[in-house]
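Peer 1: Before I ask anything, let me first share the structure, which is written out below as structure tokens.
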Amino acid sequence: MSRPTTHQEGIGQPVARRDALEKVTGTASYPDDLNRPGQLHLAVRFSEQPHAHFKLNLQEALAMPGVKAILTAADVPHNRFGLIEADQPVLADGLVRCVLDKLALVAAGTREQARAAAAAIKVDYEPLPVISTVEAAQQPDAPQLHPHRPGNLQRKMHIEKGDLTAGFAQAAVIVEGVYQTHPQEHAFLQPESGLAYPDEAGRISIETAGQWVQEDHRQVCEALKLAKEEVLLRYVYAGGAFGGREDISIQILLALAAWKLQRPVKLTWSRAESIRGHHKRHPAHFKTRWGATAEGKICAVQTELLLDSGAYASTSDEVIANTLRSAVGPYEVANLQLDGYLYLTNNLPNGAFRGFGALQAAFCHETQIEKLAVALNLDPVEIRSRNLYRDGSIETTGCVVPAGVGALETLEVAARSAGWTHSTETGWQKPEVVQPADPTRRRGLALVTSYKNIGYSYGFPEKASAEIEIEGHQEIERVIVRHSAAEVGQGIVTALSQIVAEILNVPLDRIELTANFDNRAPLAGSASASRLAFMAGNAVKGAAEQARAAWLGERQPPVKAFYEYHAPPTTPPDPVTGAATPNFSYGYCTQVAEVEVDLRTGQLEVLRLINVNDVGRALNPQIVEGQIEGGAVQGLGWTLLEDFKQENSIPRTRNFTEYLIPTVMDVPPLETHILEISDPQGPFGARGVGEMAMVAVAPAISLAFYRATGVWLNQLPLTAERVFFALQAEKGE
């Protein structure tokens, strides 16, 4: 066979990303780069009302220059879609439930003509009462937004374990808290864009970006009542995703127009349209109390969680399940009762976002365990080390935690990196923080630990597949890898290529694996849940091993192998107790933040941020480090800057002049540690890492603020204004 690659281009090597050159030189194709001769341009007329009946008058718009057609709900064969629950209209049919709803789709000769006509459509609204908060959704006289959801309750979930009363009876201290988190905009670089056209095979072909090509394809086919062979959906490079491309946005609109008009059509949203046109991170409200023994062992937790689904289901049912399961963090608690309630409102839908509910939970559970540490006069590292998951621990839902638990190791590395010391006599001891000479400024240091599941949860049949073809006789000359793992910027194409290079012992330049896959490629599942390195990695590994065996068996090339990997099974929650085996793997992370606060203005500055992640095995350490640092910075934005606002369910945040995200000037020094505690079921021991470094940034910063000032913060974001008023309230001013 060919030259060895284990120490050059195989797993564990920081090889350059395979898509780097074309991206930095501008030759890579993103959706807005796509054009076809004779294409029409599309524009959407969104609803101006969050809840209303409406009627359209299209006459003036139809007569405008360049307008070829205006499509409405009557043009959609099956006017419903949704990733989990088909509760959204493609084009609203006389009723709108939020301002994401689309009333009409205009096709014209130019983008400007289409936009002008969309704006000229006359809409007669009959406003209906608006539900803009979860509290309003619960009221007995609240309007019912969906007939099949009485009381606007989308989902209720309950988890119990042990004996809560007996648990609190054991407690030497009990601490309580109420915590509120806020929505977040994904803010990916390129707004939604795509092209659709009737192709030479008579299909409707769609070229766009997304996170799960087969699911997008399914929803397009169902909405248009077309056979799967009649639609071809292909992804090109995505300008970021973070969960924001998990739901359908423009795919069905593109297909509908191309199918109805039998012309190529293109649609690109403005930034303002993108912000109103896709879901957000769920705002969450926690009410909780925790008890611990005098030795610092958590003995009881009771938590109530309220989540705002927005106007449609999106992935909210799964987010609340993940948030509630995560509510006690990576800590073993013998007695607990967790109750979660998910309500529908007229706000923009909330759905998948990097972390998938774990961020909201971490803000709650890390503040609570810090309060226990203060009440018991225990070091923050010491109390965490006494409660963290180990191999064999029993998790929230009553099952054994999946093997390969690296929580304690991340804690110890992070603590020592930040200056903590440990002895058998005194346990962990935190370092002294040198205070600024200026008495109006204070510094604080805090450590937090978190975890996040790998893969889909609660009984979903998790699988991924890949096909590999080998060409060559005396040596492997060419390897073709087929799969559908979406490349959304995370580097999955490079990581999978390295797995193939490792197994087949060939250089990367002989491996053909690109990001331009369509719905016919072997199923890989979505680019979400930190799952692709684990799931697609196992699928590609299995296919490569089978292909190698066949090639060595002197079969005539080309040799083909197909492999489908099935993850260890999980189970749905028991309807009474919530008991389950929810996940097959977890990733663990400990973070340390040091902050300085200006007591006069409330301005918080993060001086340094330490990230210690257990990644199982780093398939490509450079990519892993980039994921960790990117997640930390995105978490920094959610914590300090990003403040997505809606008033009476109308977005007041409409563009990047009103929604601030971190720039390079906002990024503190980042210290990254990659731990490799092998996952026994991951490919070469690897597990996902994309979400973990974002999960606990908020409590790391808020608790560092507490250590600096003695003031607890219970609501995000930590803007200077909010911090200032918290300081004033503590002083009684």
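In the structure tokens, chains take the letters A, B, ... in the order shown, each chain's residues start at 1, and ligands count up from 1 in the order shown.
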At a cut-off of 12 Å, using only C-alpha atoms, what residues contact Val401 (chain A)? Leave out same-chain residues fewer than 5 positions from it and give the result as a count of residues only.

Peer 2: 25

Peer 1: Write out as a ChimeraX atom specification the residues lying within 10 Å of region 139-144 of chain A, counting only C-alpha atoms and excluding same-chain residues fewer than 3 positions away.

Peer 2: /A:128-131,134-136,147-153,344-345

Peer 1: Using DSSP on the backbone coordinates, identify the residues of region 508-615 of chain A assigned to strand (DSSP E); present them as a PyMOL selection string.

Peer 2: chain A and resi 511-512+559-566+586-598+604-614

Peer 1: Could the residues in this selection be saved with N, CA, C and O atoms as a short mmCIF file (atom, residue, chain, number, x, y, z; two decimals), in the first residue's frame?

Peer 2:
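Output (result_6.cif):
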data_model
loop_
_atom_site.label_atom_id
_atom_site.label_comp_id
_atom_site.auth_asym_id
_atom_site.auth_seq_id
_atom_site.Cartn_x
_atom_site.Cartn_y
_atom_site.Cartn_z
N ILE A 511 -7.93 11.27 -1.66
CA ILE A 511 -9.28 11.08 -1.12
C ILE A 511 -10.19 12.17 -1.64
O ILE A 511 -9.92 13.36 -1.45
N GLU A 512 -11.28 11.78 -2.30
CA GLU A 512 -12.28 12.72 -2.80
C GLU A 512 -13.47 12.72 -1.85
O GLU A 512 -14.23 11.76 -1.79
N VAL A 559 -13.44 -1.20 -5.85
CA VAL A 559 -14.04 -1.88 -4.72
C VAL A 559 -14.95 -0.90 -4.00
O VAL A 559 -14.56 0.24 -3.73
N LYS A 560 -16.17 -1.33 -3.70
CA LYS A 560 -17.12 -0.47 -3.00
C LYS A 560 -17.53 -1.11 -1.68
O LYS A 560 -17.65 -2.33 -1.58
N ALA A 561 -17.75 -0.27 -0.69
CA ALA A 561 -18.24 -0.74 0.60
C ALA A 561 -19.23 0.27 1.15
O ALA A 561 -19.03 1.48 1.05
N PHE A 562 -20.30 -0.23 1.71
CA PHE A 562 -21.32 0.60 2.35
C PHE A 562 -21.45 0.15 3.79
O PHE A 562 -21.48 -1.05 4.09
N TYR A 563 -21.51 1.14 4.70
CA TYR A 563 -21.61 0.80 6.12
C TYR A 563 -22.61 1.74 6.79
O TYR A 563 -22.58 2.95 6.57
N GLU A 564 -23.48 1.17 7.60
CA GLU A 564 -24.43 1.95 8.38
C GLU A 564 -24.15 1.72 9.86
O GLU A 564 -24.20 0.57 10.33
N TYR A 565 -23.87 2.81 10.55
CA TYR A 565 -23.57 2.73 11.97
C TYR A 565 -24.81 3.08 12.77
O TYR A 565 -25.47 4.09 12.52
N HIS A 566 -25.13 2.24 13.75
CA HIS A 566 -26.24 2.49 14.66
C HIS A 566 -25.67 2.78 16.05
O HIS A 566 -24.92 1.97 16.60
N TYR A 586 -21.60 11.79 26.48
CA TYR A 586 -21.56 13.18 26.90
C TYR A 586 -20.14 13.72 26.73
O TYR A 586 -19.16 12.98 26.85
N GLY A 587 -20.07 15.02 26.47
CA GLY A 587 -18.79 15.71 26.50
C GLY A 587 -18.75 16.62 27.72
O GLY A 587 -19.78 17.17 28.12
N TYR A 588 -17.57 16.79 28.32
CA TYR A 588 -17.44 17.53 29.57
C TYR A 588 -16.48 18.71 29.40
O TYR A 588 -15.51 18.63 28.63
N CYS A 589 -16.75 19.76 30.13
CA CYS A 589 -15.96 20.98 30.00
C CYS A 589 -15.91 21.71 31.33
O CYS A 589 -16.93 21.81 32.03
N THR A 590 -14.74 22.20 31.69
CA THR A 590 -14.61 23.11 32.83
C THR A 590 -14.00 24.41 32.33
O THR A 590 -13.06 24.39 31.53
N GLN A 591 -14.56 25.51 32.81
CA GLN A 591 -14.10 26.83 32.38
C GLN A 591 -13.81 27.71 33.58
O GLN A 591 -14.45 27.59 34.63
N VAL A 592 -12.84 28.58 33.41
CA VAL A 592 -12.48 29.57 34.44
C VAL A 592 -12.51 30.94 33.79
O VAL A 592 -11.96 31.13 32.71
N ALA A 593 -13.17 31.87 34.46
CA ALA A 593 -13.18 33.26 33.99
C ALA A 593 -12.62 34.16 35.06
O ALA A 593 -12.90 33.99 36.25
N GLU A 594 -11.83 35.12 34.64
CA GLU A 594 -11.39 36.21 35.51
C GLU A 594 -11.93 37.50 34.93
O GLU A 594 -11.78 37.75 33.73
N VAL A 595 -12.60 38.29 35.78
CA VAL A 595 -13.22 39.52 35.30
C VAL A 595 -12.77 40.70 36.15
O VAL A 595 -12.33 40.54 37.29
N GLU A 596 -12.94 41.87 35.55
CA GLU A 596 -12.76 43.12 36.28
C GLU A 596 -13.99 43.97 36.05
O GLU A 596 -14.45 44.12 34.91
N VAL A 597 -14.55 44.51 37.11
CA VAL A 597 -15.77 45.30 37.01
C VAL A 597 -15.51 46.73 37.47
O VAL A 597 -14.80 46.97 38.45
N ASP A 598 -16.06 47.66 36.72
CA ASP A 598 -16.01 49.07 37.10
C ASP A 598 -17.24 49.33 37.97
O ASP A 598 -18.38 49.28 37.50
N LEU A 604 -18.34 45.30 32.65
CA LEU A 604 -17.62 44.07 32.96
C LEU A 604 -16.60 43.80 31.87
O LEU A 604 -16.92 43.82 30.69
N GLU A 605 -15.38 43.52 32.27
CA GLU A 605 -14.34 43.15 31.32
C GLU A 605 -13.83 41.76 31.68
O GLU A 605 -13.45 41.51 32.83
N VAL A 606 -13.85 40.86 30.71
CA VAL A 606 -13.30 39.52 30.93
C VAL A 606 -11.81 39.58 30.64
O VAL A 606 -11.39 39.89 29.52
N LEU A 607 -11.00 39.27 31.62
CA LEU A 607 -9.55 39.38 31.49
C LEU A 607 -8.93 38.12 30.90
O LEU A 607 -7.91 38.19 30.21
N ARG A 608 -9.52 36.98 31.20
CA ARG A 608 -9.04 35.73 30.62
C ARG A 608 -10.13 34.68 30.76
O ARG A 608 -11.00 34.76 31.64
N LEU A 609 -10.06 33.70 29.88
CA LEU A 609 -11.03 32.62 29.88
C LEU A 609 -10.29 31.32 29.59
O LEU A 609 -9.64 31.18 28.54
N ILE A 610 -10.36 30.39 30.54
CA ILE A 610 -9.70 29.09 30.41
C ILE A 610 -10.76 28.06 30.03
O ILE A 610 -11.82 27.98 30.66
N ASN A 611 -10.47 27.27 29.00
CA ASN A 611 -11.37 26.20 28.57
C ASN A 611 -10.64 24.87 28.62
O ASN A 611 -9.58 24.71 28.00
N VAL A 612 -11.19 23.92 29.35
CA VAL A 612 -10.64 22.57 29.39
C VAL A 612 -11.74 21.62 28.94
O VAL A 612 -12.77 21.48 29.61
N ASN A 613 -11.54 20.97 27.80
CA ASN A 613 -12.55 20.11 27.20
C ASN A 613 -12.04 18.68 27.08
O ASN A 613 -10.93 18.45 26.60
N ASP A 614 -12.89 17.74 27.50
CA ASP A 614 -12.63 16.33 27.23
C ASP A 614 -13.28 16.00 25.89
O ASP A 614 -14.51 15.98 25.77
#

Peer 1: Could you give me, as a PyMOL selection string, the residues within 9 Å of Ile248 (chain A), counting only C-alpha atoms and dropping anything in the same chain fewer than 2 positions from it?

Peer 2: chain A and resi 81-83+210+216+219-220+245-246+250-252+278

Peer 1: Give the helix (DSSP H, G or I) residues of region 120-159 of chain A, as DSSP finds them on the backbone, and put them as a ChimeraX atom specification.

Peer 2: /A:120,134-137,150-152

Peer 1: Could you write those residues out with N, CA and C atoms, as a PDB file, in the first residue's frame?

Peer 2:
ATOM      1  N   ALA A 120     -45.714  46.449  -2.098  1.00  0.00           N
ATOM      2  CA  ALA A 120     -46.936  47.086  -2.600  1.00  0.00           C
ATOM      3  C   ALA A 120     -48.189  46.250  -2.377  1.00  0.00           C
ATOM      4  N   VAL A 134     -44.763  33.950  28.458  1.00  0.00           N
ATOM      5  CA  VAL A 134     -45.211  32.642  28.949  1.00  0.00           C
ATOM      6  C   VAL A 134     -46.290  32.825  30.011  1.00  0.00           C
ATOM      7  N   GLU A 135     -46.142  33.859  30.844  1.00  0.00           N
ATOM      8  CA  GLU A 135     -47.145  34.107  31.879  1.00  0.00           C
ATOM      9  C   GLU A 135     -48.506  34.392  31.249  1.00  0.00           C
ATOM     10  N   ALA A 136     -48.535  35.175  30.174  1.00  0.00           N
ATOM     11  CA  ALA A 136     -49.794  35.474  29.493  1.00  0.00           C
ATOM     12  C   ALA A 136     -50.367  34.225  28.838  1.00  0.00           C
ATOM     13  N   ALA A 137     -49.508  33.346  28.331  1.00  0.00           N
ATOM     14  CA  ALA A 137     -49.983  32.122  27.680  1.00  0.00           C
ATOM     15  C   ALA A 137     -50.715  31.211  28.645  1.00  0.00           C
ATOM     16  N   PRO A 150     -54.328  22.680  23.831  1.00  0.00           N
ATOM     17  CA  PRO A 150     -55.159  23.377  24.826  1.00  0.00           C
ATOM     18  C   PRO A 150     -54.305  24.107  25.852  1.00  0.00           C
ATOM     19  N   GLY A 151     -54.734  25.313  26.178  1.00  0.00           N
ATOM     20  CA  GLY A 151     -54.016  26.106  27.165  1.00  0.00           C
ATOM     21  C   GLY A 151     -52.653  26.576  26.703  1.00  0.00           C
ATOM     22  N   ASN A 152     -52.408  26.461  25.389  1.00  0.00           N
ATOM     23  CA  ASN A 152     -51.121  26.877  24.794  1.00  0.00           C
ATOM     24  C   ASN A 152     -49.932  26.100  25.351  1.00  0.00           C
TER      25      ASN A 152
END

Peer 1: For Arg384 (chain A), find every residue with an atom within 12 Å (counting only C-alpha atoms), except residues of its own chain fewer than 4 positions away, and show them as a count of residues only.

Peer 2: 39

Peer 1: Using 6 Å as the limit and counting only C-alpha atoms, can you tabulate each residue of region 434-514 of chain A that touches region 703-720 of chain A, with its shortest atom-to-atom distance in Å and the two atoms involved, as CSV?

Peer 2:
residue,atom,partner,partner_atom,distance
A:Arg442,CA,A:Ala708,CA,5.6
A:Arg443,CA,A:Ala708,CA,4.9
A:Gly444,CA,A:Ala708,CA,4.0
A:Leu445,CA,A:Ala704,CA,4.6
A:Ala446,CA,A:Ala704,CA,4.5

Peer 1: Ranking A:Leu552, A:Ala529, A:Ala171, A:Ala539 by minimum distance to Val689 (chain A) and counting only C-alpha atoms, which one comes first?

Peer 2: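 Of all the options, A:Ala529 lies closest to Val689 (chain A).
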
Peer 1: Here is a test: counting only C-alpha atoms, which residue of A:Asn519, A:His182, A:Leu62, A:Lys23 is nearest to Glu229 (chain A)?

Peer 2: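 Of the candidates, the smallest distance to Glu229 (chain A) is held by A:Asn519.
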